[in-house]
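Colleague: There's a structure below that I have some questions on.
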2 protein chains.
Amino acid sequence: MGRETPPALGEFEQMVLLAVLCAGRDDDAYGLNVLAELETRTNRRASRGAVYMTLDRLEKKGLLSSYLTGPTPERGGRAKRCYRVTKSALAALRASRRALTALWDGVRGSEI
Amino acid sequence: MGRETPPALGEFEQMVLLAVLCAGRDDDAYGLNVLAELETRTNRRASRGAVYMTLDRLEKKGLLSSYLTGPTPERGGRAKRCYRVTKSALAALRASRRALTALWDGVRGSEI
DNA sequence: TTGATTTGTCCTACATTGTTGCTGTAAGGT
DNA sequence: ACCTTACAGCAACAATGTAGGACAAATCAA
């Protein structure tokens, strides 16, 4: 993909990244949790697979880091893989936002 | 891709759509023009092919409509294919923006 | 202790998007 | 004629987006 500047984020990647950030504020940001955050905030459905895949790719690109928790004493409380966004991710997010904002600003007032 | 709600826009599609809107305010929104708009606004490089491809796909999805102009009396002034965004495109853009905004709002104040 | 249930992870397989680089076309200039 | 400028468009490949499971481990209930 882009090879000049930081390799531009896709739309879903962007949302997942933001959802990790949101989810990580109180709870841990792990797969299902991130999915839930994404769905409630954006009112858009996504599948588990989509989220896990994206989480995986983002980690490979160095935009997320992860660690495993121990199992919790709840019904089915398995070990979770929790994510944190990295500095690069924050930079990439800000860049994406700036770009989109600039375009939206150019439109404001006309037919939108 | 998504088959539930309107088939979510990709990131680049979104930007191209917005660039068409921007470019169409004064001039005609045709390929190279849209590319220029995109690059100046977002400060991000893209190739001609990428833009033409995307324009094409968006038209096939009913998010853009196009018409041909006659040639202009300039050096190399060929006929241009000009684009206009459709109602669906506007709806899709607004939806994308809403989703992103909701996520950004959920983050505001913390580590961003 | 076997099995159902819950909470989670991860993979397979495929559709859609993103991108480059090149080819093609027409008009004006010289 | 031939070069240059201003466009359009394709082929081919890389990366992303997505659904739909299969699998793993813990707890509960009999």
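Following the order of the structure tokens, chains are lettered A, B, ..., residues in each are numbered from 1, and ligands are numbered from 1.
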Give me the residues of chain D that have any atom at most 10 Å from an atom of chain A; for each, the nearest atom pair and the distance in Å, rounded to one decimal. Use only C-alpha atoms (C1' of nucleotides), sort by chain and number, and format it as a Markdown table.

Modeller:
```
| residue | atom | partner | partner_atom | distance |
| --- | --- | --- | --- | --- |
| D:DA14 | C1' | A:Met1 | CA | 6.6 |
| D:DA15 | C1' | A:Met1 | CA | 6.3 |
| D:DT16 | C1' | A:Gly10 | CA | 6.9 |
| D:DG17 | C1' | A:Ala50 | CA | 6.9 |
| D:DT18 | C1' | A:Ala50 | CA | 5.7 |
| D:DA19 | C1' | A:Ser47 | CA | 6.9 |
| D:DG20 | C1' | A:Gly49 | CA | 8.3 |
| D:DG21 | C1' | A:Gly49 | CA | 9.5 |
| D:DA24 | C1' | A:Arg78 | CA | 8.7 |
| D:DA25 | C1' | A:Arg78 | CA | 6.0 |
| D:DA26 | C1' | A:Gly76 | CA | 4.5 |
| D:DT27 | C1' | A:Arg75 | CA | 4.8 |
| D:DC28 | C1' | A:Arg75 | CA | 8.0 |
```

Colleague: Restricted to N, CA and C atoms (P, O5', C5', C4', C3', O3' and C1' of nucleotides), what would the selected residues look like written as a PDB file, in the first residue's frame?

Modeller:
```pdb
ATOM      1  P    DA D  14       1.795  -9.147  -5.079  1.00  0.00           P
ATOM      2  O5'  DA D  14       1.320  -8.024  -4.071  1.00  0.00           O
ATOM      3  C5'  DA D  14       1.768  -6.693  -4.256  1.00  0.00           C
ATOM      4  C4'  DA D  14       1.179  -5.821  -3.166  1.00  0.00           C
ATOM      5  C3'  DA D  14       1.146  -6.499  -1.810  1.00  0.00           C
ATOM      6  O3'  DA D  14       1.389  -5.495  -0.834  1.00  0.00           O
ATOM      7  C1'  DA D  14      -1.060  -6.034  -2.499  1.00  0.00           C
ATOM      8  P    DA D  15       1.493  -5.840   0.715  1.00  0.00           P
ATOM      9  O5'  DA D  15       0.110  -5.319   1.285  1.00  0.00           O
ATOM     10  C5'  DA D  15      -0.222  -3.966   1.106  1.00  0.00           C
ATOM     11  C4'  DA D  15      -1.632  -3.767   1.570  1.00  0.00           C
ATOM     12  C3'  DA D  15      -1.904  -4.280   2.985  1.00  0.00           C
ATOM     13  O3'  DA D  15      -2.400  -3.163   3.707  1.00  0.00           O
ATOM     14  C1'  DA D  15      -3.577  -5.012   1.459  1.00  0.00           C
ATOM     15  P    DT D  16      -2.888  -3.155   5.199  1.00  0.00           P
ATOM     16  O5'  DT D  16      -4.427  -2.725   5.090  1.00  0.00           O
ATOM     17  C5'  DT D  16      -5.133  -3.245   4.105  1.00  0.00           C
ATOM     18  C4'  DT D  16      -6.568  -2.856   4.102  1.00  0.00           C
ATOM     19  C3'  DT D  16      -7.307  -3.031   5.411  1.00  0.00           C
ATOM     20  O3'  DT D  16      -8.451  -2.184   5.368  1.00  0.00           O
ATOM     21  C1'  DT D  16      -7.941  -4.717   3.905  1.00  0.00           C
ATOM     22  P    DG D  17      -9.514  -2.163   6.520  1.00  0.00           P
ATOM     23  O5'  DG D  17     -10.541  -3.253   5.970  1.00  0.00           O
ATOM     24  C5'  DG D  17     -11.374  -2.924   4.886  1.00  0.00           C
ATOM     25  C4'  DG D  17     -12.598  -3.831   4.818  1.00  0.00           C
ATOM     26  C3'  DG D  17     -13.332  -4.025   6.149  1.00  0.00           C
ATOM     27  O3'  DG D  17     -14.726  -4.005   5.836  1.00  0.00           O
ATOM     28  C1'  DG D  17     -12.597  -6.120   5.299  1.00  0.00           C
ATOM     29  P    DT D  18     -15.821  -4.177   6.991  1.00  0.00           P
ATOM     30  O5'  DT D  18     -16.032  -5.728   7.022  1.00  0.00           O
ATOM     31  C5'  DT D  18     -16.445  -6.352   5.798  1.00  0.00           C
ATOM     32  C4'  DT D  18     -16.760  -7.826   6.003  1.00  0.00           C
ATOM     33  C3'  DT D  18     -17.208  -8.200   7.413  1.00  0.00           C
ATOM     34  O3'  DT D  18     -18.630  -8.308   7.391  1.00  0.00           O
ATOM     35  C1'  DT D  18     -15.706  -9.820   6.440  1.00  0.00           C
ATOM     36  P    DA D  19     -19.423  -9.038   8.641  1.00  0.00           P
ATOM     37  O5'  DA D  19     -19.520 -10.561   8.182  1.00  0.00           O
ATOM     38  C5'  DA D  19     -19.877 -10.842   6.847  1.00  0.00           C
ATOM     39  C4'  DA D  19     -19.901 -12.336   6.610  1.00  0.00           C
ATOM     40  C3'  DA D  19     -20.672 -13.128   7.661  1.00  0.00           C
ATOM     41  O3'  DA D  19     -21.337 -14.176   6.978  1.00  0.00           O
ATOM     42  C1'  DA D  19     -18.424 -13.867   7.604  1.00  0.00           C
ATOM     43  P    DG D  20     -22.417 -15.038   7.813  1.00  0.00           P
ATOM     44  O5'  DG D  20     -21.592 -16.335   8.250  1.00  0.00           O
ATOM     45  C5'  DG D  20     -20.900 -17.077   7.248  1.00  0.00           C
ATOM     46  C4'  DG D  20     -20.112 -18.187   7.902  1.00  0.00           C
ATOM     47  C3'  DG D  20     -20.798 -18.796   9.129  1.00  0.00           C
ATOM     48  O3'  DG D  20     -20.721 -20.205   9.014  1.00  0.00           O
ATOM     49  C1'  DG D  20     -18.606 -18.138   9.661  1.00  0.00           C
ATOM     50  P    DG D  21     -21.595 -21.195   9.887  1.00  0.00           P
ATOM     51  O5'  DG D  21     -20.894 -20.975  11.266  1.00  0.00           O
ATOM     52  C5'  DG D  21     -20.262 -22.007  11.906  1.00  0.00           C
ATOM     53  C4'  DG D  21     -18.933 -22.428  11.312  1.00  0.00           C
ATOM     54  C3'  DG D  21     -18.262 -23.350  12.305  1.00  0.00           C
ATOM     55  O3'  DG D  21     -17.722 -24.506  11.691  1.00  0.00           O
ATOM     56  C1'  DG D  21     -16.947 -21.373  11.991  1.00  0.00           C
ATOM     57  P    DA D  24      -8.076 -27.139  20.676  1.00  0.00           P
ATOM     58  O5'  DA D  24      -8.322 -26.053  21.809  1.00  0.00           O
ATOM     59  C5'  DA D  24      -7.598 -24.837  21.759  1.00  0.00           C
ATOM     60  C4'  DA D  24      -7.795 -24.105  23.071  1.00  0.00           C
ATOM     61  C3'  DA D  24      -7.761 -25.015  24.277  1.00  0.00           C
ATOM     62  O3'  DA D  24      -7.019 -24.323  25.265  1.00  0.00           O
ATOM     63  C1'  DA D  24      -9.842 -23.872  24.202  1.00  0.00           C
ATOM     64  P    DA D  25      -6.465 -25.196  26.554  1.00  0.00           P
ATOM     65  O5'  DA D  25      -7.355 -24.528  27.695  1.00  0.00           O
ATOM     66  C5'  DA D  25      -7.275 -23.127  27.875  1.00  0.00           C
ATOM     67  C4'  DA D  25      -8.414 -22.674  28.765  1.00  0.00           C
ATOM     68  C3'  DA D  25      -8.569 -23.514  30.033  1.00  0.00           C
ATOM     69  O3'  DA D  25      -8.859 -22.609  31.064  1.00  0.00           O
ATOM     70  C1'  DA D  25     -10.596 -23.420  28.915  1.00  0.00           C
ATOM     71  P    DA D  26      -8.302 -22.989  32.579  1.00  0.00           P
ATOM     72  O5'  DA D  26      -9.583 -22.645  33.469  1.00  0.00           O
ATOM     73  C5'  DA D  26     -10.036 -21.299  33.537  1.00  0.00           C
ATOM     74  C4'  DA D  26     -11.541 -21.283  33.665  1.00  0.00           C
ATOM     75  C3'  DA D  26     -12.053 -22.128  34.836  1.00  0.00           C
ATOM     76  O3'  DA D  26     -12.676 -21.329  35.829  1.00  0.00           O
ATOM     77  C1'  DA D  26     -13.326 -22.466  32.853  1.00  0.00           C
ATOM     78  P    DT D  27     -13.192 -22.046  37.202  1.00  0.00           P
ATOM     79  O5'  DT D  27     -14.532 -21.266  37.648  1.00  0.00           O
ATOM     80  C5'  DT D  27     -15.347 -20.520  36.715  1.00  0.00           C
ATOM     81  C4'  DT D  27     -16.658 -21.241  36.443  1.00  0.00           C
ATOM     82  C3'  DT D  27     -17.259 -21.973  37.635  1.00  0.00           C
ATOM     83  O3'  DT D  27     -18.418 -21.260  38.027  1.00  0.00           O
ATOM     84  C1'  DT D  27     -17.535 -23.180  35.587  1.00  0.00           C
ATOM     85  P    DC D  28     -19.382 -21.690  39.260  1.00  0.00           P
ATOM     86  O5'  DC D  28     -20.530 -22.572  38.570  1.00  0.00           O
ATOM     87  C5'  DC D  28     -21.307 -22.001  37.501  1.00  0.00           C
ATOM     88  C4'  DC D  28     -22.326 -23.040  37.009  1.00  0.00           C
ATOM     89  C3'  DC D  28     -23.047 -23.787  38.125  1.00  0.00           C
ATOM     90  O3'  DC D  28     -24.406 -23.944  37.755  1.00  0.00           O
ATOM     91  C1'  DC D  28     -21.968 -25.337  36.705  1.00  0.00           C
TER      92       DC D  28
END
```

Colleague: Please, which residues in chain C fall within 7 Å of chain A when counting only C-alpha atoms (C1' of nucleotides), and what is the closest atom pair and distance in Å to one decimal for each, ordered by chain then residue number, as a tab-separated table?

Modeller:
```
residue	atom	partner	partner_atom	distance
C:DT6	C1'	A:Gly76	CA	4.8
C:DT7	C1'	A:Gly76	CA	4.8
C:DG8	C1'	A:Arg78	CA	6.1
C:DG18	C1'	A:Met1	CA	6.6
C:DT19	C1'	A:Met1	CA	6.2
```

Colleague: Could you please take those selected residues and save N, CA and C atoms (P, O5', C5', C4', C3', O3' and C1' of nucleotides) as a compact mmCIF listing (two decimals), in the first residue's frame?

Modeller:
```
# COMPACT_ATOMS: atom_id res chain seq x y z
P DT C 6 -25.36 -20.31 28.40
O5' DT C 6 -23.97 -19.60 28.73
C5' DT C 6 -23.50 -19.62 30.07
C4' DT C 6 -22.10 -19.03 30.12
C3' DT C 6 -21.91 -17.82 29.19
O3' DT C 6 -21.29 -16.77 29.93
C1' DT C 6 -20.22 -19.45 28.81
P DT C 7 -21.14 -15.35 29.35
O5' DT C 7 -19.59 -15.34 28.98
C5' DT C 7 -18.63 -15.49 30.02
C4' DT C 7 -17.24 -15.53 29.43
C3' DT C 7 -16.97 -14.40 28.43
O3' DT C 7 -15.70 -13.86 28.74
C1' DT C 7 -16.49 -16.48 27.45
P DG C 8 -15.29 -12.37 28.30
O5' DG C 8 -14.06 -12.70 27.38
C5' DG C 8 -14.16 -13.80 26.62
C4' DG C 8 -12.92 -14.45 26.18
C3' DG C 8 -12.42 -13.79 24.89
O3' DG C 8 -11.04 -13.46 24.93
C1' DG C 8 -13.00 -16.10 24.56
P DG C 18 -10.47 1.90 -0.41
O5' DG C 18 -9.02 1.42 -0.85
C5' DG C 18 -8.14 0.91 0.13
C4' DG C 18 -6.70 0.89 -0.38
C3' DG C 18 -6.23 2.20 -1.00
O3' DG C 18 -4.90 2.41 -0.54
C1' DG C 18 -6.01 0.43 -2.58
P DT C 19 -4.10 3.76 -0.92
O5' DT C 19 -3.35 3.32 -2.22
C5' DT C 19 -2.68 2.05 -2.19
C4' DT C 19 -1.81 1.82 -3.42
C3' DT C 19 -1.49 3.09 -4.23
O3' DT C 19 -0.09 3.32 -4.13
C1' DT C 19 -2.19 1.26 -5.63
```

Colleague: Output as number ranges by chain the set of chain A residues within 6 Å of chain B, with distances taken over only C-alpha atoms.

Modeller: A: 10-11, 22, 41-42, 99, 102, 106-107

Colleague: Since we have the selection now, will you write its residues out, keeping C-alpha atoms, as a PDB file, in the first residue's frame?

Modeller:
```
ATOM      1  CA  GLY A  10      -7.975   1.649   6.453  1.00  0.00           C
ATOM      2  CA  GLU A  11     -11.342   2.706   7.746  1.00  0.00           C
ATOM      3  CA  CYS A  22     -12.233   3.709  24.297  1.00  0.00           C
ATOM      4  CA  ARG A  41     -20.545   3.604  19.655  1.00  0.00           C
ATOM      5  CA  THR A  42     -20.922   3.388  15.908  1.00  0.00           C
ATOM      6  CA  ALA A  99      -6.909  14.565   6.497  1.00  0.00           C
ATOM      7  CA  ALA A 102      -9.474  19.090   6.055  1.00  0.00           C
ATOM      8  CA  GLY A 106     -13.561  22.219   2.264  1.00  0.00           C
ATOM      9  CA  VAL A 107     -17.118  21.112   1.784  1.00  0.00           C
TER      10      VAL A 107
END
```

Colleague: So which bits of chain B end up strand (DSSP E) when you DSSP the backbone, as a PDB file with C-alpha atoms, in the first residue's frame?

Modeller:
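Saved to states_15.pdb:
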```pdb
ATOM      1  CA  LEU B  64     -21.219   9.039  -8.312  1.00  0.00           C
ATOM      2  CA  SER B  65     -22.645   9.940 -11.682  1.00  0.00           C
ATOM      3  CA  SER B  66     -20.624  11.256 -14.591  1.00  0.00           C
ATOM      4  CA  TYR B  67     -20.868  13.043 -17.896  1.00  0.00           C
ATOM      5  CA  LEU B  68     -18.397  13.970 -20.616  1.00  0.00           C
ATOM      6  CA  ARG B  81     -15.228  12.961 -17.551  1.00  0.00           C
ATOM      7  CA  CYS B  82     -16.807  14.972 -14.776  1.00  0.00           C
ATOM      8  CA  TYR B  83     -18.377  13.578 -11.655  1.00  0.00           C
ATOM      9  CA  ARG B  84     -21.109  14.494  -9.265  1.00  0.00           C
ATOM     10  CA  VAL B  85     -21.929  12.825  -5.989  1.00  0.00           C
TER      11      VAL B  85
END
```

Colleague: Based on DSSP run over this structure's backbone, return all residues of chain B in helix (DSSP H, G or I), as a PyMOL selection string.

Modeller: chain B and resi 11-23+31-42+48-60+87-107

Colleague: Restricted to C-alpha atoms, what would the selected residues look like written as a PDB file, in the first residue's frame?

Modeller:
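Written file, part.pdb:
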```
ATOM      1  CA  GLU B  11     -11.104   5.206   3.638  1.00  0.00           C
ATOM      2  CA  PHE B  12      -9.825   6.185   0.233  1.00  0.00           C
ATOM      3  CA  GLU B  13     -13.313   6.086  -1.252  1.00  0.00           C
ATOM      4  CA  GLN B  14     -14.411   8.450   1.410  1.00  0.00           C
ATOM      5  CA  MET B  15     -11.656  10.879   0.622  1.00  0.00           C
ATOM      6  CA  VAL B  16     -12.255  10.714  -3.102  1.00  0.00           C
ATOM      7  CA  LEU B  17     -15.921  11.384  -2.572  1.00  0.00           C
ATOM      8  CA  LEU B  18     -15.137  14.398  -0.448  1.00  0.00           C
ATOM      9  CA  ALA B  19     -12.589  15.608  -2.960  1.00  0.00           C
ATOM     10  CA  VAL B  20     -15.207  15.417  -5.703  1.00  0.00           C
ATOM     11  CA  LEU B  21     -17.437  17.525  -3.564  1.00  0.00           C
ATOM     12  CA  CYS B  22     -14.681  20.059  -2.899  1.00  0.00           C
ATOM     13  CA  ALA B  23     -13.482  20.209  -6.459  1.00  0.00           C
ATOM     14  CA  GLY B  31      -9.926  12.928 -12.475  1.00  0.00           C
ATOM     15  CA  LEU B  32      -6.816  15.040 -12.271  1.00  0.00           C
ATOM     16  CA  ASN B  33      -8.676  17.830 -10.635  1.00  0.00           C
ATOM     17  CA  VAL B  34      -9.961  15.550  -7.922  1.00  0.00           C
ATOM     18  CA  LEU B  35      -6.473  14.196  -7.407  1.00  0.00           C
ATOM     19  CA  ALA B  36      -5.088  17.691  -6.978  1.00  0.00           C
ATOM     20  CA  GLU B  37      -7.785  18.576  -4.488  1.00  0.00           C
ATOM     21  CA  LEU B  38      -7.091  15.432  -2.546  1.00  0.00           C
ATOM     22  CA  GLU B  39      -3.370  16.026  -2.407  1.00  0.00           C
ATOM     23  CA  THR B  40      -3.460  19.653  -1.396  1.00  0.00           C
ATOM     24  CA  ARG B  41      -6.133  19.211   1.231  1.00  0.00           C
ATOM     25  CA  THR B  42      -4.855  16.077   2.865  1.00  0.00           C
ATOM     26  CA  ARG B  48      -3.670   8.967 -10.994  1.00  0.00           C
ATOM     27  CA  GLY B  49      -4.622   5.352 -11.468  1.00  0.00           C
ATOM     28  CA  ALA B  50      -5.770   5.011  -7.897  1.00  0.00           C
ATOM     29  CA  VAL B  51      -8.103   7.936  -8.335  1.00  0.00           C
ATOM     30  CA  TYR B  52      -9.524   6.825 -11.658  1.00  0.00           C
ATOM     31  CA  MET B  53     -10.096   3.325 -10.369  1.00  0.00           C
ATOM     32  CA  THR B  54     -11.884   4.575  -7.320  1.00  0.00           C
ATOM     33  CA  LEU B  55     -13.965   7.016  -9.298  1.00  0.00           C
ATOM     34  CA  ASP B  56     -15.003   4.152 -11.520  1.00  0.00           C
ATOM     35  CA  ARG B  57     -15.948   1.871  -8.681  1.00  0.00           C
ATOM     36  CA  LEU B  58     -17.890   4.556  -6.914  1.00  0.00           C
ATOM     37  CA  GLU B  59     -19.875   5.198 -10.045  1.00  0.00           C
ATOM     38  CA  LYS B  60     -20.670   1.507 -10.396  1.00  0.00           C
ATOM     39  CA  LYS B  87     -27.759  11.389  -2.673  1.00  0.00           C
ATOM     40  CA  SER B  88     -26.645   7.947  -1.516  1.00  0.00           C
ATOM     41  CA  ALA B  89     -23.094   9.172  -1.413  1.00  0.00           C
ATOM     42  CA  LEU B  90     -24.039  12.023   0.846  1.00  0.00           C
ATOM     43  CA  ALA B  91     -25.854   9.656   3.146  1.00  0.00           C
ATOM     44  CA  ALA B  92     -22.914   7.276   3.216  1.00  0.00           C
ATOM     45  CA  LEU B  93     -20.498  10.093   3.953  1.00  0.00           C
ATOM     46  CA  ARG B  94     -22.573  11.378   6.781  1.00  0.00           C
ATOM     47  CA  ALA B  95     -22.862   7.880   8.243  1.00  0.00           C
ATOM     48  CA  SER B  96     -19.122   7.366   8.094  1.00  0.00           C
ATOM     49  CA  ARG B  97     -18.506  10.641   9.731  1.00  0.00           C
ATOM     50  CA  ARG B  98     -20.989  10.012  12.471  1.00  0.00           C
ATOM     51  CA  ALA B  99     -19.355   6.698  13.293  1.00  0.00           C
ATOM     52  CA  LEU B 100     -15.884   8.158  13.434  1.00  0.00           C
ATOM     53  CA  THR B 101     -16.996  11.139  15.439  1.00  0.00           C
ATOM     54  CA  ALA B 102     -18.728   8.950  17.992  1.00  0.00           C
ATOM     55  CA  LEU B 103     -15.529   7.032  18.526  1.00  0.00           C
ATOM     56  CA  TRP B 104     -13.392  10.129  18.758  1.00  0.00           C
ATOM     57  CA  ASP B 105     -15.739  11.557  21.327  1.00  0.00           C
ATOM     58  CA  GLY B 106     -15.377   8.449  23.422  1.00  0.00           C
ATOM     59  CA  VAL B 107     -11.651   9.014  23.548  1.00  0.00           C
TER      60      VAL B 107
END
```

Colleague: Report, in Å with one decimal, the straight-line distance from atom C1' of DT9 of chain C to atom C1' of DC23 of chain D.

Modeller: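 We find that atom C1' of DT9 of chain C and atom C1' of DC23 of chain D lie 8.3 Å from each other.
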
Colleague: How many Å separate atom CA of Ala29 of chain B from atom C1' of DA15 of chain C?

Modeller: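 Distance between the two atoms: 29.4 Å.
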
Colleague: So how many Å separate atom C1' of DA27 of chain C and atom CA of Asp27 of chain B, to one decimal?

Modeller: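 Separating atom C1' of DA27 of chain C from atom CA of Asp27 of chain B is a distance of 20.6 Å.
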